[in-house]
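A.B. asks: input-v2.txt is the file, holding compact mmCIF, C-alpha atoms:
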```
# COMPACT_ATOMS: atom_id res chain seq x y z
CA MET L 1 185.03 -21.70 183.66
CA SER L 2 186.17 -25.03 182.27
CA TYR L 3 186.63 -25.87 178.63
CA ALA L 4 185.83 -29.14 176.92
CA THR L 5 188.57 -31.53 175.97
CA SER L 6 188.86 -34.07 173.19
CA ALA L 7 189.30 -37.80 173.70
CA ASP L 8 193.10 -37.42 174.01
CA GLY L 9 192.76 -34.63 176.60
CA THR L 10 193.65 -31.63 174.44
CA PRO L 11 191.38 -28.62 174.97
CA LEU L 12 188.77 -27.77 172.35
CA GLN L 13 189.18 -24.07 171.67
CA GLY L 14 186.23 -21.76 172.27
CA ARG L 15 183.71 -24.38 173.34
CA LYS L 16 182.48 -24.55 176.87
CA GLU L 17 181.61 -27.87 178.47
CA GLU L 18 177.96 -27.11 178.89
CA GLU L 19 177.58 -26.50 175.14
CA ILE L 20 178.70 -29.98 174.11
CA THR L 21 176.07 -32.66 173.99
CA VAL L 22 176.99 -36.30 174.00
CA ASN L 23 174.75 -38.89 172.47
CA GLU L 24 175.01 -41.78 174.88
CA LYS L 25 174.34 -45.22 173.57
CA PRO L 26 172.34 -47.38 175.92
CA ALA L 27 174.35 -49.93 177.84
CA ILE L 28 172.25 -52.80 176.49
CA SER L 29 169.64 -53.13 173.78
CA TYR L 30 166.01 -54.04 174.34
CA ASN L 31 166.64 -57.48 172.83
CA ALA L 32 169.53 -58.12 175.22
CA ALA L 33 167.46 -56.90 178.17
CA SER L 34 164.63 -59.21 177.12
CA ALA L 35 167.00 -62.17 176.99
CA ILE L 36 168.73 -61.28 180.26
CA SER L 37 165.38 -61.14 182.02
CA TYR L 38 165.20 -64.95 181.75
CA PHE L 39 168.30 -65.37 183.94
CA THR L 40 166.34 -65.84 187.20
CA PHE L 41 163.61 -63.45 188.22
CA ILE L 42 165.95 -60.78 189.64
CA PRO L 43 166.95 -59.13 186.32
CA ALA L 44 163.31 -59.35 185.21
CA VAL L 45 162.19 -57.39 188.27
CA VAL L 46 165.01 -54.88 187.78
CA PHE L 47 164.03 -54.29 184.14
CA LEU L 48 160.41 -53.78 185.20
CA LEU L 49 161.56 -51.08 187.63
CA LEU L 50 163.97 -49.20 185.34
CA PRO L 51 162.10 -46.45 183.43
CA ARG L 52 163.94 -47.00 180.15
CA PHE L 53 163.09 -50.69 179.99
CA LYS L 54 159.65 -50.71 181.57
CA GLU L 55 158.41 -48.54 178.69
CA SER L 56 159.33 -51.21 176.13
CA PRO L 57 156.46 -53.66 175.53
CA CYS L 58 158.90 -56.35 174.44
CA VAL L 59 161.01 -56.12 177.61
CA ARG L 60 157.88 -56.01 179.80
CA PHE L 61 156.45 -59.11 178.12
CA HIS L 62 159.65 -61.14 178.47
CA ALA L 63 160.21 -59.98 182.05
CA TRP L 64 156.70 -61.00 183.10
CA GLN L 65 156.89 -64.29 181.22
CA SER L 66 160.23 -64.98 182.90
CA ILE L 67 158.79 -64.31 186.35
CA LEU L 68 155.74 -66.50 185.69
CA LEU L 69 157.92 -69.26 184.20
CA PHE L 70 160.16 -69.17 187.27
CA ILE L 71 157.14 -69.41 189.61
CA THR L 72 155.63 -72.28 187.61
CA ALA L 73 158.88 -74.23 187.35
CA SER L 74 159.55 -73.75 191.06
CA GLY L 75 156.04 -74.94 191.90
CA VAL L 76 156.36 -78.06 189.76
CA ASP L 77 159.79 -78.72 191.26
CA ILE L 78 158.35 -78.52 194.78
CA VAL L 79 155.49 -80.88 193.88
CA LEU L 80 157.81 -83.41 192.21
CA GLY L 81 160.28 -83.16 195.08
CA THR L 82 157.53 -83.72 197.62
CA LEU L 83 156.24 -86.72 195.68
CA ALA L 84 159.76 -88.10 195.50
CA LEU L 85 160.19 -87.65 199.23
CA LEU L 86 156.84 -89.22 200.09
CA THR L 87 157.42 -92.21 197.83
CA SER L 88 161.14 -92.60 198.53
CA PHE L 89 160.50 -95.98 200.09
CA LEU L 90 159.10 -97.28 196.81
CA GLY L 91 162.20 -96.19 194.87
CA THR L 92 160.59 -96.14 191.44
CA THR L 93 162.79 -95.58 188.45
CA ALA L 94 159.94 -93.95 186.57
CA GLN L 95 159.77 -91.21 189.16
CA ALA L 96 163.48 -90.46 188.87
CA TYR L 97 163.22 -90.28 185.09
CA SER L 98 160.14 -88.07 185.21
CA ILE L 99 162.02 -85.54 187.36
CA ARG L 100 164.96 -85.61 184.96
CA LEU L 101 162.66 -85.18 181.97
CA PHE L 102 161.00 -82.19 183.64
CA PHE L 103 164.39 -80.55 184.18
CA LEU L 104 165.41 -81.27 180.59
CA PHE L 105 162.11 -79.85 179.30
CA SER L 106 162.52 -76.76 181.50
CA PHE L 107 166.07 -76.20 180.25
CA VAL L 108 165.12 -76.53 176.58
CA LEU L 109 162.16 -74.20 177.09
CA TRP L 110 164.40 -71.68 178.87
CA VAL L 111 167.02 -71.76 176.07
CA ALA L 112 164.29 -71.28 173.45
CA CYS L 113 162.87 -68.28 175.34
CA VAL L 114 166.30 -66.68 175.70
CA ALA L 115 167.17 -67.24 172.03
CA MET L 116 163.87 -65.83 170.78
CA ALA L 117 164.06 -62.83 173.11
CA PHE L 118 167.59 -62.07 171.93
CA ARG L 119 166.33 -62.07 168.34
CA GLY L 120 163.57 -59.64 169.27
CA LYS L 121 160.76 -62.18 168.84
CA ARG L 122 158.19 -63.47 171.29
CA LEU L 123 157.90 -67.12 172.18
CA LYS L 124 154.50 -66.97 173.79
CA LEU L 125 154.12 -69.97 176.07
CA PRO L 126 150.63 -71.51 176.10
CA ILE L 127 149.22 -70.39 179.46
CA ILE L 128 152.03 -68.32 180.93
CA GLY L 129 152.43 -66.28 177.74
CA ARG L 130 148.80 -65.17 177.71
CA ILE L 131 148.98 -64.09 181.34
CA ALA L 132 152.30 -62.30 180.76
CA GLU L 133 150.85 -60.50 177.76
CA LYS L 134 147.83 -59.30 179.74
CA ILE L 135 150.02 -58.08 182.62
CA SER L 136 152.53 -56.39 180.31
CA LEU L 137 149.81 -54.41 178.52
CA LYS L 138 148.70 -52.69 181.73
```
How does the structure come out when it is put into structure tokens?

C.D. replies:
Amino acid sequence: MSYATSADGTPLQGRKEEEITVNEKPAISYNAASAISYFTFIPAVVFLLLPRFKESPCVRFHAWQSILLFITASGVDIVLGTLALLTSFLGTTAQAYSIRLFFLFSFVLWVACVAMAFRGKRLKLPIIGRIAEKISLK
């Protein structure tokens, strides 16, 4: 039979290990998990699969919004890239600036989503946010 020890390794007299309960703090908070879910879609999917986080409506909302934002941004990037490739012979400056403006807009939107999620608030994007909210309520 083993006996419990204190933090410095000295034995605690008369208390068996199985009698001691330890209150474990979670590794990360729900707000941090919500913010981390915006760092690509991989953490978002992981948080949707982990039982502790998939039960939180806030984490589910931000994870789904992150996934939908990633899909939308990737789709727009593919369309703009294809247009740039098809019209590369024209070499328009407006096209180059429109792609840069899209990336700047995407970055600012991403930073705003991360900041709001870290504060525990929802930044519900116009179309994506409604879809994410419907999916997260299921």

A.B. asks: Which one of L:Val111, L:Cys58, L:Ala96, L:Leu83 sits closest to Tyr38 (chain L) if you count only C-alpha atoms?

C.D. replies: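 When distances to Tyr38 (chain L) are compared using only C-alpha atoms, the smallest one comes from L:Val111.
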
A.B. asks: CA of Pro57 (chain L) to CA of Ser136 (chain L): how many Å, to one decimal?

C.D. replies: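 Between these atoms lies a distance of 6.8 Å.
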
A.B. asks: Provide the CA of Ala63 (chain L) to CA of Ala35 (chain L) distance in Å, to one decimal place.

C.D. replies: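 According to the coordinates, CA of Ala63 (chain L) and CA of Ala35 (chain L) are separated by 8.7 Å.
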
A.B. asks: Using only C-alpha atoms, which residue out of L:Leu68, L:Leu85, L:Ala73, L:Ala33 lies closest to Phe105 (chain L)?

C.D. replies: L:Ala73

A.B. asks: So the first atom is CA of Pro43 (chain L) and the second is CA of Ile67 (chain L); what is the distance between them in Å, to one decimal place?

C.D. replies: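 Separation between CA of Pro43 (chain L) and CA of Ile67 (chain L): 9.7 Å.
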
A.B. asks: Using only C-alpha atoms, determine which residues lie at most 12 Å from Ser56 (chain L), disregarding the query and same-chain residues fewer than 2 positions distant; provide the list as a list in words.

C.D. replies: Ser29, Tyr30, Asn31, Ala33, Ser34, Phe47, Leu48, Leu49, Leu50, Pro51, Arg52, Phe53, Lys54, Cys58, Val59, Arg60, Phe61, His62, Ala63, Gly120, Ser136 and Leu137 of chain L

A.B. asks: Tell me which of L:Gln95, L:Ser66, L:Ser37, L:Ser74 sits closest to Phe118 (chain L), counting all atoms listed in the file.

C.D. replies: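 Once distances to Phe118 (chain L) are computed over all atoms listed in the file, the minimum belongs to L:Ser37.
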